[in-house]
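Asks: For reference, this is final_4.cif, and it has mmCIF, C-alpha atoms.
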data_model
#
loop_
_atom_site.group_PDB
_atom_site.id
_atom_site.type_symbol
_atom_site.label_atom_id
_atom_site.label_comp_id
_atom_site.auth_asym_id
_atom_site.auth_seq_id
_atom_site.Cartn_x
_atom_site.Cartn_y
_atom_site.Cartn_z
ATOM 1 C CA MET A 906 82.944 69.080 91.050
ATOM 2 C CA PRO A 907 85.152 72.165 90.881
ATOM 3 C CA SER A 908 88.827 71.507 91.409
ATOM 4 C CA LEU A 909 92.174 73.233 91.417
ATOM 5 C CA LYS A 910 95.342 71.611 90.133
ATOM 6 C CA VAL A 911 98.853 72.987 90.062
ATOM 7 C CA VAL A 912 100.266 72.699 86.547
ATOM 8 C CA GLU A 913 103.583 74.452 86.960
ATOM 9 C CA ARG A 914 105.315 76.090 89.850
ATOM 10 C CA ASP A 915 108.579 77.743 90.862
ATOM 11 C CA GLU A 916 109.500 80.328 93.491
ATOM 12 C CA ARG A 917 108.171 83.284 91.466
ATOM 13 C CA ARG A 918 105.237 81.967 89.442
ATOM 14 C CA ILE A 919 102.522 79.377 89.585
ATOM 15 C CA SER A 920 100.065 78.015 87.020
ATOM 16 C CA VAL A 921 96.833 76.527 88.294
ATOM 17 C CA ARG A 922 94.253 74.613 86.304
ATOM 18 C CA LEU A 923 90.729 75.635 87.309
ATOM 19 C CA LYS A 924 88.192 72.904 86.589
ATOM 20 C CA GLY A 925 84.461 73.473 86.663
ATOM 21 C CA ILE A 926 84.755 77.044 87.905
ATOM 22 C CA PRO A 927 82.490 79.693 86.316
ATOM 23 C CA ALA A 928 84.363 82.234 84.178
ATOM 24 C CA GLN A 929 83.178 85.189 86.262
ATOM 25 C CA TYR A 930 84.380 83.578 89.489
ATOM 26 C CA ALA A 931 87.728 82.667 87.896
ATOM 27 C CA ASN A 932 88.151 86.213 86.618
ATOM 28 C CA ALA A 933 87.345 87.658 90.048
ATOM 29 C CA LEU A 934 90.027 85.387 91.484
ATOM 30 C CA ARG A 935 92.503 86.564 88.823
ATOM 31 C CA ARG A 936 91.849 90.213 89.661
ATOM 32 C CA ILE A 937 92.176 89.604 93.396
ATOM 33 C CA CYS A 938 95.468 87.749 92.891
ATOM 34 C CA LEU A 939 96.743 90.806 91.007
ATOM 35 C CA ASN A 940 95.895 93.540 93.475
ATOM 36 C CA GLY A 941 93.564 92.278 96.192
ATOM 37 C CA VAL A 942 95.935 90.399 98.481
ATOM 38 C CA PRO A 943 97.435 92.666 101.152
ATOM 39 C CA VAL A 944 101.231 93.068 101.265
ATOM 40 C CA PHE A 945 103.599 95.361 103.113
ATOM 41 C CA ALA A 946 105.074 98.487 101.529
ATOM 42 C CA ILE A 947 106.607 101.632 102.929
ATOM 43 C CA ASP A 948 103.923 104.274 103.163
ATOM 44 C CA LYS A 949 105.159 107.046 105.463
ATOM 45 C CA VAL A 950 108.708 108.352 105.631
ATOM 46 C CA ASP A 951 110.057 110.728 108.251
ATOM 47 C CA VAL A 952 113.086 112.434 106.738
ATOM 48 C CA ILE A 953 115.390 113.405 109.594
ATOM 49 C CA ASP A 954 118.332 114.371 107.401
ATOM 50 C CA ASN A 955 118.715 114.393 103.632
ATOM 51 C CA THR A 956 121.555 116.296 101.977
ATOM 52 C CA SER A 957 121.626 114.013 98.918
ATOM 53 C CA VAL A 958 120.837 115.228 95.396
ATOM 54 C CA LEU A 959 117.546 113.344 95.512
ATOM 55 C CA ALA A 960 114.624 115.351 96.921
ATOM 56 C CA ASP A 961 112.831 114.037 100.024
ATOM 57 C CA GLU A 962 109.786 112.985 97.993
ATOM 58 C CA GLY A 963 112.000 111.215 95.451
ATOM 59 C CA LEU A 964 113.635 109.298 98.256
ATOM 60 C CA ALA A 965 110.273 108.417 99.808
ATOM 61 C CA HIS A 966 108.968 107.275 96.417
ATOM 62 C CA ARG A 967 111.914 104.953 95.841
ATOM 63 C CA LEU A 968 111.587 103.527 99.355
ATOM 64 C CA GLY A 969 107.879 102.955 98.789
ATOM 65 C CA LEU A 970 108.532 100.845 95.696
ATOM 66 C CA VAL A 971 110.941 98.487 97.465
ATOM 67 C CA PRO A 972 109.079 95.141 97.697
ATOM 68 C CA LEU A 973 108.951 93.833 101.278
ATOM 69 C CA LYS A 974 108.602 90.199 102.332
ATOM 70 C CA THR A 975 105.183 89.625 103.857
ATOM 71 C CA ASP A 976 104.032 86.701 105.966
ATOM 72 C CA LEU A 977 100.264 86.497 105.579
ATOM 73 C CA THR A 978 99.916 83.608 108.031
ATOM 74 C CA GLU A 979 100.691 86.119 110.763
ATOM 75 C CA PHE A 980 97.657 88.140 109.702
ATOM 76 C CA THR A 981 94.767 85.718 109.435
ATOM 77 C CA ASP A 982 92.324 88.561 108.998
ATOM 78 C CA ALA A 983 94.508 90.927 107.035
ATOM 79 C CA GLY A 984 91.524 92.584 105.400
ATOM 80 C CA LYS A 985 90.138 93.760 108.736
ATOM 81 C CA ILE A 986 93.368 95.256 110.086
ATOM 82 C CA ASP A 987 93.208 98.942 110.960
ATOM 83 C CA VAL A 988 96.060 100.280 108.841
ATOM 84 C CA GLU A 989 95.943 103.672 110.546
ATOM 85 C CA ASP A 990 96.829 102.098 113.893
ATOM 86 C CA PRO A 991 100.549 102.689 114.613
ATOM 87 C CA ALA A 992 100.680 99.215 116.209
ATOM 88 C CA ASN A 993 100.221 97.694 112.746
ATOM 89 C CA ARG A 994 103.129 99.576 111.220
ATOM 90 C CA ILE A 995 106.656 98.337 110.883
ATOM 91 C CA MET A 996 109.488 100.814 111.118
ATOM 92 C CA LEU A 997 112.529 100.592 108.878
ATOM 93 C CA THR A 998 115.427 102.940 109.442
ATOM 94 C CA LEU A 999 118.121 104.076 107.068
ATOM 95 C CA ASP A 1000 121.176 105.968 108.284
ATOM 96 C CA SER A 1001 124.001 106.425 105.854
ATOM 97 C CA GLY A 1002 126.626 108.889 104.734
ATOM 98 C CA GLY A 1003 129.610 110.855 105.931
ATOM 99 C CA ASP A 1004 131.963 108.581 104.002
ATOM 100 C CA PHE A 1005 135.146 109.719 102.272
ATOM 101 C CA LYS A 1006 134.147 108.119 99.002
ATOM 102 C CA THR A 1007 130.980 108.238 96.921
ATOM 103 C CA ARG A 1008 128.772 105.319 97.822
ATOM 104 C CA THR A 1009 125.469 103.862 96.735
ATOM 105 C CA VAL A 1010 122.905 103.382 99.478
ATOM 106 C CA ILE A 1011 121.190 100.035 98.889
ATOM 107 C CA SER A 1012 118.055 98.386 100.234
ATOM 108 C CA GLY A 1013 120.310 96.149 102.341
ATOM 109 C CA ASP A 1014 121.149 99.224 104.436
ATOM 110 C CA LEU A 1015 117.522 99.407 105.598
ATOM 111 C CA VAL A 1016 117.222 98.150 109.161
ATOM 112 C CA SER A 1017 113.815 96.641 109.881
ATOM 113 C CA GLU A 1018 112.394 96.259 113.367
ATOM 114 C CA ASP A 1019 110.688 93.071 112.199
ATOM 115 C CA SER A 1020 112.701 89.949 111.477
ATOM 116 C CA TYR A 1021 110.540 88.914 108.512
ATOM 117 C CA VAL A 1022 109.380 92.137 106.843
ATOM 118 C CA LYS A 1023 112.514 93.066 104.909
ATOM 119 C CA PRO A 1024 113.329 94.074 101.322
ATOM 120 C CA ILE A 1025 113.211 91.019 99.043
ATOM 121 C CA SER A 1026 116.575 92.035 97.599
ATOM 122 C CA ASP A 1027 119.497 93.729 99.316
ATOM 123 C CA ALA A 1028 120.871 95.123 96.059
ATOM 124 C CA ILE A 1029 118.254 97.765 95.177
ATOM 125 C CA PRO A 1030 119.997 101.143 94.820
ATOM 126 C CA ILE A 1031 118.155 103.868 96.765
ATOM 127 C CA VAL A 1032 120.417 106.871 96.175
ATOM 128 C CA GLN A 1033 124.048 107.773 95.560
ATOM 129 C CA LEU A 1034 125.789 109.846 98.205
ATOM 130 C CA ALA A 1035 128.799 112.034 97.463
ATOM 131 C CA PRO A 1036 131.352 112.497 100.255
ATOM 132 C CA GLY A 1037 129.864 114.681 102.971
ATOM 133 C CA GLN A 1038 126.279 113.939 101.998
ATOM 134 C CA LYS A 1039 124.007 112.173 104.454
ATOM 135 C CA ILE A 1040 120.601 110.625 104.687
ATOM 136 C CA LYS A 1041 118.754 109.563 107.790
ATOM 137 C CA VAL A 1042 115.163 108.434 107.525
ATOM 138 C CA GLU A 1043 112.532 106.519 109.441
ATOM 139 C CA ALA A 1044 110.185 104.698 107.101
ATOM 140 C CA TYR A 1045 106.929 103.084 108.121
ATOM 141 C CA ALA A 1046 105.598 100.069 106.235
ATOM 142 C CA ARG A 1047 101.989 98.968 106.399
ATOM 143 C CA LEU A 1048 99.689 96.485 104.754
ATOM 144 C CA GLY A 1049 97.808 97.753 101.752
ATOM 145 C CA ARG A 1050 96.217 96.686 98.487
ATOM 146 C CA GLY A 1051 97.173 97.326 94.905
ATOM 147 C CA THR A 1052 93.834 99.054 94.370
ATOM 148 C CA GLU A 1053 95.187 101.918 96.481
ATOM 149 C CA HIS A 1054 98.682 102.138 94.956
ATOM 150 C CA ALA A 1055 100.565 99.765 92.633
ATOM 151 C CA LYS A 1056 103.374 99.393 95.193
ATOM 152 C CA TRP A 1057 101.005 97.122 97.148
ATOM 153 C CA ASN A 1058 100.311 94.862 94.151
ATOM 154 C CA SER A 1059 100.756 91.238 95.126
ATOM 155 C CA SER A 1060 101.495 90.054 91.577
ATOM 156 C CA ASN A 1061 103.267 91.399 88.534
ATOM 157 C CA VAL A 1062 101.237 89.297 86.162
ATOM 158 C CA SER A 1063 97.964 87.469 86.664
ATOM 159 C CA VAL A 1064 96.446 85.955 83.541
ATOM 160 C CA LEU A 1065 93.613 83.600 82.809
ATOM 161 C CA VAL A 1066 93.650 81.558 79.605
ATOM 162 C CA ASP A 1067 91.493 78.757 78.289
ATOM 163 C CA ALA A 1068 93.108 75.331 78.484
ATOM 164 C CA ASP A 1069 93.777 73.426 75.260
ATOM 165 C CA ASP A 1070 90.666 71.281 75.616
ATOM 166 C CA GLY A 1071 88.534 74.423 75.996
ATOM 167 C CA ASN A 1072 86.709 73.374 79.172
ATOM 168 C CA ASP A 1073 89.118 74.430 81.892
ATOM 169 C CA GLN A 1074 90.960 77.642 82.542
ATOM 170 C CA ILE A 1075 94.565 78.154 83.534
ATOM 171 C CA LEU A 1076 95.407 80.912 85.978
ATOM 172 C CA THR A 1077 99.031 82.020 85.954
ATOM 173 C CA VAL A 1078 100.255 84.270 88.751
ATOM 174 C CA GLU A 1079 103.712 85.821 88.929
ATOM 175 C CA SER A 1080 104.510 87.132 92.391
ATOM 176 C CA THR A 1081 106.351 90.394 93.021
ATOM 177 C CA GLY A 1082 108.418 88.386 95.488
ATOM 178 C CA SER A 1083 106.640 89.650 98.612
ATOM 179 C CA ILE A 1084 104.556 86.494 99.022
ATOM 180 C CA PRO A 1085 105.160 83.036 97.510
ATOM 181 C CA PRO A 1086 102.865 82.601 94.459
ATOM 182 C CA GLU A 1087 100.910 79.650 95.916
ATOM 183 C CA ARG A 1088 100.066 81.759 98.983
ATOM 184 C CA ILE A 1089 98.726 84.506 96.703
ATOM 185 C CA VAL A 1090 96.260 82.089 95.106
ATOM 186 C CA LEU A 1091 95.180 80.683 98.488
ATOM 187 C CA ALA A 1092 94.825 84.148 100.022
ATOM 188 C CA GLY A 1093 93.004 85.219 96.847
ATOM 189 C CA VAL A 1094 90.393 82.479 97.276
ATOM 190 C CA ALA A 1095 89.878 83.466 100.942
ATOM 191 C CA GLU A 1096 89.670 87.143 99.999
ATOM 192 C CA LEU A 1097 87.117 86.461 97.264
ATOM 193 C CA GLN A 1098 85.028 84.389 99.677
ATOM 194 C CA SER A 1099 85.025 87.130 102.313
ATOM 195 C CA ARG A 1100 84.089 89.747 99.683
ATOM 196 C CA LEU A 1101 81.213 87.590 98.442
ATOM 197 C CA ASP A 1102 80.002 87.073 102.029
ATOM 198 C CA GLU A 1103 80.149 90.795 102.640
ATOM 199 C CA PHE A 1104 78.288 91.471 99.413
ATOM 200 C CA GLY A 1105 75.671 88.848 100.282
ATOM 201 C CA ASP A 1106 75.112 90.444 103.676
ATOM 202 C CA ALA A 1107 74.722 93.881 102.132
ATOM 203 C CA ILE A 1108 72.241 92.583 99.554
ATOM 204 C CA SER A 1109 70.133 90.724 102.119
ATOM 205 C CA LYS A 1110 69.846 93.911 104.178
ATOM 206 C CA ILE A 1111 68.643 95.874 101.158
ATOM 207 C CA ALA A 1112 66.247 93.118 100.070
ATOM 208 C CA ALA A 1113 64.371 93.054 103.369
ATOM 209 C CA PRO A 1114 61.241 95.153 102.706
ATOM 210 C CA PRO A 1115 60.424 97.898 105.228
ATOM 211 C CA PRO A 1116 57.578 96.911 107.579
ATOM 212 C CA ALA A 1117 54.231 98.031 106.205
ATOM 213 C CA ALA A 1118 52.902 101.177 107.861
ATOM 214 C CA MET B 899 117.961 110.131 88.099
ATOM 215 C CA LEU B 900 118.664 106.534 89.169
ATOM 216 C CA VAL B 901 117.377 103.272 87.700
ATOM 217 C CA PRO B 902 113.645 102.940 88.407
ATOM 218 C CA VAL B 903 113.066 100.473 91.246
ATOM 219 C CA ARG B 904 110.304 98.601 89.445
ATOM 220 C CA CYS B 905 109.101 98.173 85.909
ATOM 221 C CA PHE B 906 106.623 100.975 85.084
ATOM 222 C CA THR B 907 104.228 98.591 83.385
ATOM 223 C CA CYS B 908 104.148 95.345 85.355
ATOM 224 C CA GLY B 909 105.731 96.269 88.687
ATOM 225 C CA ASN B 910 108.506 93.696 88.490
ATOM 226 C CA LEU B 911 111.604 94.571 90.502
ATOM 227 C CA VAL B 912 114.377 95.575 88.089
ATOM 228 C CA ALA B 913 116.725 97.894 90.016
ATOM 229 C CA ASP B 914 118.650 95.151 91.812
ATOM 230 C CA ARG B 915 119.936 93.702 88.514
ATOM 231 C CA PHE B 916 120.967 96.980 86.883
ATOM 232 C CA ALA B 917 124.555 96.972 88.202
ATOM 233 C CA GLU B 918 125.151 93.519 86.731
ATOM 234 C CA TYR B 919 123.435 94.461 83.457
ATOM 235 C CA LYS B 920 125.579 97.570 83.119
ATOM 236 C CA SER B 921 128.890 95.942 83.932
ATOM 237 C CA ARG B 922 128.205 93.083 81.543
ATOM 238 C CA THR B 923 127.072 95.237 78.609
ATOM 239 C CA GLU B 924 130.006 97.578 79.149
ATOM 240 C CA GLY B 925 132.184 94.486 79.109
ATOM 241 C CA GLY B 926 131.076 93.887 75.531
ATOM 242 C CA GLU B 927 128.194 91.452 75.928
ATOM 243 C CA GLU B 928 125.085 91.923 73.815
ATOM 244 C CA SER B 929 122.232 93.629 75.742
ATOM 245 C CA GLY B 930 119.553 91.196 74.600
ATOM 246 C CA ALA B 931 121.552 88.167 75.669
ATOM 247 C CA VAL B 932 122.300 89.720 79.083
ATOM 248 C CA LEU B 933 118.598 90.517 79.621
ATOM 249 C CA ASP B 934 117.712 86.934 78.676
ATOM 250 C CA SER B 935 120.211 85.514 81.139
ATOM 251 C CA LEU B 936 118.978 87.853 83.898
ATOM 252 C CA GLY B 937 115.499 86.402 83.376
ATOM 253 C CA PHE B 938 113.718 89.441 81.960
ATOM 254 C CA SER B 939 111.354 87.892 79.463
ATOM 255 C CA ARG B 940 108.788 90.684 78.995
ATOM 256 C CA TYR B 941 109.630 93.669 76.831
ATOM 257 C CA CYS B 942 108.240 96.082 79.461
ATOM 258 C CA CYS B 943 110.925 95.048 81.953
ATOM 259 C CA ARG B 944 113.626 94.786 79.282
ATOM 260 C CA ARG B 945 113.182 98.396 78.180
ATOM 261 C CA MET B 946 113.547 99.544 81.826
ATOM 262 C CA LEU B 947 117.172 98.373 81.935
ATOM 263 C CA PHE B 948 117.897 98.858 78.233
ATOM 264 C CA THR B 949 116.960 102.561 78.174
ATOM 265 C CA SER B 950 118.050 103.648 81.658
ATOM 266 C CA VAL B 951 120.547 106.501 81.968
ATOM 267 C CA GLU B 952 121.632 107.300 85.512
ATOM 268 C CA THR B 953 121.920 111.082 85.430
ATOM 269 C CA ILE B 954 122.904 111.076 89.119
ATOM 270 C CA ARG B 955 126.342 109.942 87.959
ATOM 271 C CA GLN B 956 126.695 113.210 86.044
ATOM 272 C CA ILE B 957 125.705 115.295 89.065
ATOM 273 C CA VAL B 958 127.538 113.580 91.925
ATOM 274 C CA PRO B 959 131.078 114.515 90.670
ATOM 275 C CA PHE B 960 130.245 118.187 91.273
ATOM 276 C CA TYR B 961 129.416 117.413 94.882
ATOM 277 C CA GLU B 962 132.605 115.391 95.179
ATOM 278 C CA ALA B 963 134.508 118.464 93.950
ATOM 279 C CA ILE B 964 132.718 120.728 96.429
ATOM 280 C CA GLU B 965 133.600 118.401 99.297
ATOM 281 C CA MET B 966 137.229 118.155 98.122
ATOM 282 C CA ARG B 967 137.480 121.948 98.008
ATOM 283 C CA ARG B 968 135.873 122.226 101.435
ATOM 284 C CA ARG B 969 138.459 119.869 102.871
ATOM 285 C CA GLU B 970 141.295 121.831 101.245
ATOM 286 C CA VAL B 971 140.048 125.087 102.735
ATOM 287 C CA GLN B 972 139.576 123.377 106.089
ATOM 288 C CA SER B 973 143.117 122.016 106.122
ATOM 289 C CA GLU B 974 144.522 125.448 105.174
ATOM 290 C CA LEU B 975 142.598 127.014 108.072
ATOM 291 C CA ASP B 976 143.888 124.366 110.502
#
Would you kindly transcribe this structure into structure tokens?
Replies:
Amino acid sequence: MPSLKVVERDERRISVRLKGIPAQYANALRRICLNGVPVFAIDKVDVIDNTSVLADEGLAHRLGLVPLKTDLTEFTDAGKIDVEDPANRIMLTLDSGGDFKTRTVISGDLVSEDSYVKPISDAIPIVQLAPGQKIKVEAYARLGRGTEHAKWNSSNVSVLVDADDGNDQILTVESTGSIPPERIVLAGVAELQSRLDEFGDAISKIAAPPPAA
Amino acid sequence: MLVPVRCFTCGNLVADRFAEYKSRTEGGEESGAVLDSLGFSRYCCRRMLFTSVETIRQIVPFYEAIEMRRREVQSELD
């Protein structure tokens, strides 16, 4: 009887003992925990004003890498969400500058229209503004997967090792902070199941022989 | 130009701890011990903070000077 047991757990990482689970299935789960669980990240940035020393694309790149808190329970079918639909985007605005002293713009200055999807830390420096310099941007976050760009990775580290007795495997997942680690494993199992179902459907369609002429 | 937001290798967020790392190492603490206490256990994340040089701090003073000069000229005109 396959089973799953939590060995160790804190707010950033979790270790799970996988009992009676085939190696290929366990490895698929490991890979999905790493980059298959959807999380929010800033994807499009409208630069309204930028007189800082950082180029627009540099600014957009830094904003994109800011990890955002993601609540997957709100998106039960996250894999099927149309990411191109503007209704599924979350806007974050940043308006800073015009001070008399040099200041560092931090992730805490980002104003999100959603109460949950926010930077996981308020202390991430985005850019430094000299007096008279200004930035004003509208950034749009959307759900994505690490397979598209590493900024959407759900975990920093996802490793599978054999347990001491050699029979079981231990999966260790370290979250980027966007989703709690235990949610990554649970969402990973659901994601793997839906991918297998999809694959099974595709195979059964191919396997059906064409009607004889 | 600024500290990288995340570790290049593993994607761990590092930028939010850089200010503390810098102030503590400049205060005379040993880098390795500071990195340990900040919880950076992997060498990929440790090198991100250890080898970071914020060149923006060398550029911004010029813009501060430009703004200062602009204000001087402005006040002379007024």
Asks: List every residue of chain A that has an atom at most 9 Å from any atom of chain B, and for each one report the closest atom pair and its distance in Å to one decimal, counting all atoms listed in the file, with rows sorted by chain and then by increasing residue number, as JSON lines.
Replies:
{"residue": "A:Val958", "atom": "CA", "partner": "B:Val958", "partner_atom": "CA", "distance": 7.7}
{"residue": "A:Leu959", "atom": "CA", "partner": "B:Met899", "partner_atom": "CA", "distance": 8.1}
{"residue": "A:Arg967", "atom": "CA", "partner": "B:Val903", "partner_atom": "CA", "distance": 6.5}
{"residue": "A:Leu968", "atom": "CA", "partner": "B:Val903", "partner_atom": "CA", "distance": 8.8}
{"residue": "A:Leu970", "atom": "CA", "partner": "B:Val903", "partner_atom": "CA", "distance": 6.4}
{"residue": "A:Val971", "atom": "CA", "partner": "B:Val903", "partner_atom": "CA", "distance": 6.9}
{"residue": "A:Pro972", "atom": "CA", "partner": "B:Leu911", "partner_atom": "CA", "distance": 7.6}
{"residue": "A:Lys1006", "atom": "CA", "partner": "B:Glu962", "partner_atom": "CA", "distance": 8.4}
{"residue": "A:Thr1007", "atom": "CA", "partner": "B:Glu962", "partner_atom": "CA", "distance": 7.5}
{"residue": "A:Ile1011", "atom": "CA", "partner": "B:Asp914", "partner_atom": "CA", "distance": 9.0}
{"residue": "A:Ser1026", "atom": "CA", "partner": "B:Asp914", "partner_atom": "CA", "distance": 6.9}
{"residue": "A:Asp1027", "atom": "CA", "partner": "B:Asp914", "partner_atom": "CA", "distance": 7.7}
{"residue": "A:Ala1028", "atom": "CA", "partner": "B:Asp914", "partner_atom": "CA", "distance": 4.8}
{"residue": "A:Ile1029", "atom": "CA", "partner": "B:Asp914", "partner_atom": "CA", "distance": 4.3}
{"residue": "A:Pro1030", "atom": "CA", "partner": "B:Ala913", "partner_atom": "CA", "distance": 6.7}
{"residue": "A:Ile1031", "atom": "CA", "partner": "B:Leu900", "partner_atom": "CA", "distance": 8.1}
{"residue": "A:Val1032", "atom": "CA", "partner": "B:Leu900", "partner_atom": "CA", "distance": 7.2}
{"residue": "A:Gln1033", "atom": "CA", "partner": "B:Ile954", "partner_atom": "CA", "distance": 7.3}
{"residue": "A:Leu1034", "atom": "CA", "partner": "B:Val958", "partner_atom": "CA", "distance": 7.5}
{"residue": "A:Ala1035", "atom": "CA", "partner": "B:Glu962", "partner_atom": "CA", "distance": 5.6}
{"residue": "A:Pro1036", "atom": "CA", "partner": "B:Glu962", "partner_atom": "CA", "distance": 6.0}
{"residue": "A:Gly1037", "atom": "CA", "partner": "B:Glu965", "partner_atom": "CA", "distance": 6.4}
{"residue": "A:Gln1038", "atom": "CA", "partner": "B:Tyr961", "partner_atom": "CA", "distance": 8.5}
{"residue": "A:Ala1055", "atom": "CA", "partner": "B:Gly909", "partner_atom": "CA", "distance": 7.4}
{"residue": "A:Lys1056", "atom": "CA", "partner": "B:Gly909", "partner_atom": "CA", "distance": 7.6}
{"residue": "A:Asn1058", "atom": "CA", "partner": "B:Gly909", "partner_atom": "CA", "distance": 7.8}
{"residue": "A:Ser1060", "atom": "CA", "partner": "B:Gly909", "partner_atom": "CA", "distance": 8.1}
{"residue": "A:Asn1061", "atom": "CA", "partner": "B:Cys908", "partner_atom": "CA", "distance": 5.1}
{"residue": "A:Val1062", "atom": "CA", "partner": "B:Cys908", "partner_atom": "CA", "distance": 6.8}
{"residue": "A:Ser1080", "atom": "CA", "partner": "B:Asn910", "partner_atom": "CA", "distance": 8.6}
{"residue": "A:Thr1081", "atom": "CA", "partner": "B:Asn910", "partner_atom": "CA", "distance": 6.0}
{"residue": "A:Gly1082", "atom": "CA", "partner": "B:Leu911", "partner_atom": "CA", "distance": 8.6}
Asks: Go through A:Ile926, A:Leu934, A:Leu973, A:His966 and flag the residue nearest Leu1091 (chain A), using only C-alpha atoms for the distances.
Replies: A:Leu934
Asks: Please write as a list in words the full residue list that the PyMOL selection byres ((chain A and resi 915) around 12) yields on this file.
Replies: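 In the shown coordinates, the PyMOL selection byres ((chain A and resi 915) around 12) covers Val911, Val912, Glu913, Arg914, Glu916, Arg917, Arg918, Ile919, Ser920, Thr1077, Val1078, Glu1079, Ser1080, Gly1082, Pro1085, Pro1086 and Glu1087 of chain A.
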Asks: Would you save the residues from that selection as a PDB file, in the frame of the given file, using C-alpha atoms?
Replies:
ATOM      1  CA  VAL A 911      98.853  72.987  90.062  1.00  0.00           C
ATOM      2  CA  VAL A 912     100.266  72.699  86.547  1.00  0.00           C
ATOM      3  CA  GLU A 913     103.583  74.452  86.960  1.00  0.00           C
ATOM      4  CA  ARG A 914     105.315  76.090  89.850  1.00  0.00           C
ATOM      5  CA  GLU A 916     109.500  80.328  93.491  1.00  0.00           C
ATOM      6  CA  ARG A 917     108.171  83.284  91.466  1.00  0.00           C
ATOM      7  CA  ARG A 918     105.237  81.967  89.442  1.00  0.00           C
ATOM      8  CA  ILE A 919     102.522  79.377  89.585  1.00  0.00           C
ATOM      9  CA  SER A 920     100.065  78.015  87.020  1.00  0.00           C
ATOM     10  CA  THR A1077      99.031  82.020  85.954  1.00  0.00           C
ATOM     11  CA  VAL A1078     100.255  84.270  88.751  1.00  0.00           C
ATOM     12  CA  GLU A1079     103.712  85.821  88.929  1.00  0.00           C
ATOM     13  CA  SER A1080     104.510  87.132  92.391  1.00  0.00           C
ATOM     14  CA  GLY A1082     108.418  88.386  95.488  1.00  0.00           C
ATOM     15  CA  PRO A1085     105.160  83.036  97.510  1.00  0.00           C
ATOM     16  CA  PRO A1086     102.865  82.601  94.459  1.00  0.00           C
ATOM     17  CA  GLU A1087     100.910  79.650  95.916  1.00  0.00           C
TER      18      GLU A1087
END
Asks: Assuming 3 Å of padding per side, give the centre and edge lengths of the axis-aligned box around every listed atom of region 902-921 of chain B, in Å to one decimal and as JSON.
Replies:
{"center_x": 116.5, "center_y": 98.2, "center_z": 87.5, "size_x": 30.7, "size_y": 15.4, "size_z": 14.7}
Asks: Between CA of Ala1044 (chain A) and CA of Asn993 (chain A), what distance in Å does the model show, to one decimal?
Replies: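 Rounded to one decimal, the two atoms are 13.4 Å apart.
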Asks: Apply the PyMOL selection byres ((chain A and resi 1074-1076) around 7) to the structure shown and report the selected residues as a list in words.
Replies: Ser920, Val921, Arg922, Leu923, Lys924, Arg935, Val1064, Leu1065, Val1066, Asp1067, Ala1068, Asn1072, Asp1073, Thr1077 and Val1078 of chain A
Asks: Residues proximal to (98.2, 98.1, 102.5) were defined as those with any atom within 12 Å of that point in the file's coordinates, counting all atoms listed in the file. Which are they, as number ranges by chain?
Replies: A: 940-949, 969, 973, 975, 983-989, 993-995, 1045-1059
Asks: Using all atoms listed in the file, which residues sit within 12 Å of Ser935 (chain B) once same-chain residues fewer than 2 positions away are excluded, as a PyMOL selection string?
Replies: chain B and resi 915+918-919+922+927-933+937-939+944
Asks: Identify which of the residues A:Lys1039, A:Arg1100, A:Lys910, A:Lys1023 lies closest to Asp976 (chain A), counting all atoms listed in the file when measuring atom-to-atom distances.
Replies: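 Answer, going by the shortest atom-to-atom distance: A:Lys1023.
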Asks: State, in Å with one decimal place, the distance from CA of Ile1084 (chain A) to CA of Lys974 (chain A).
Replies: 6.4 Å
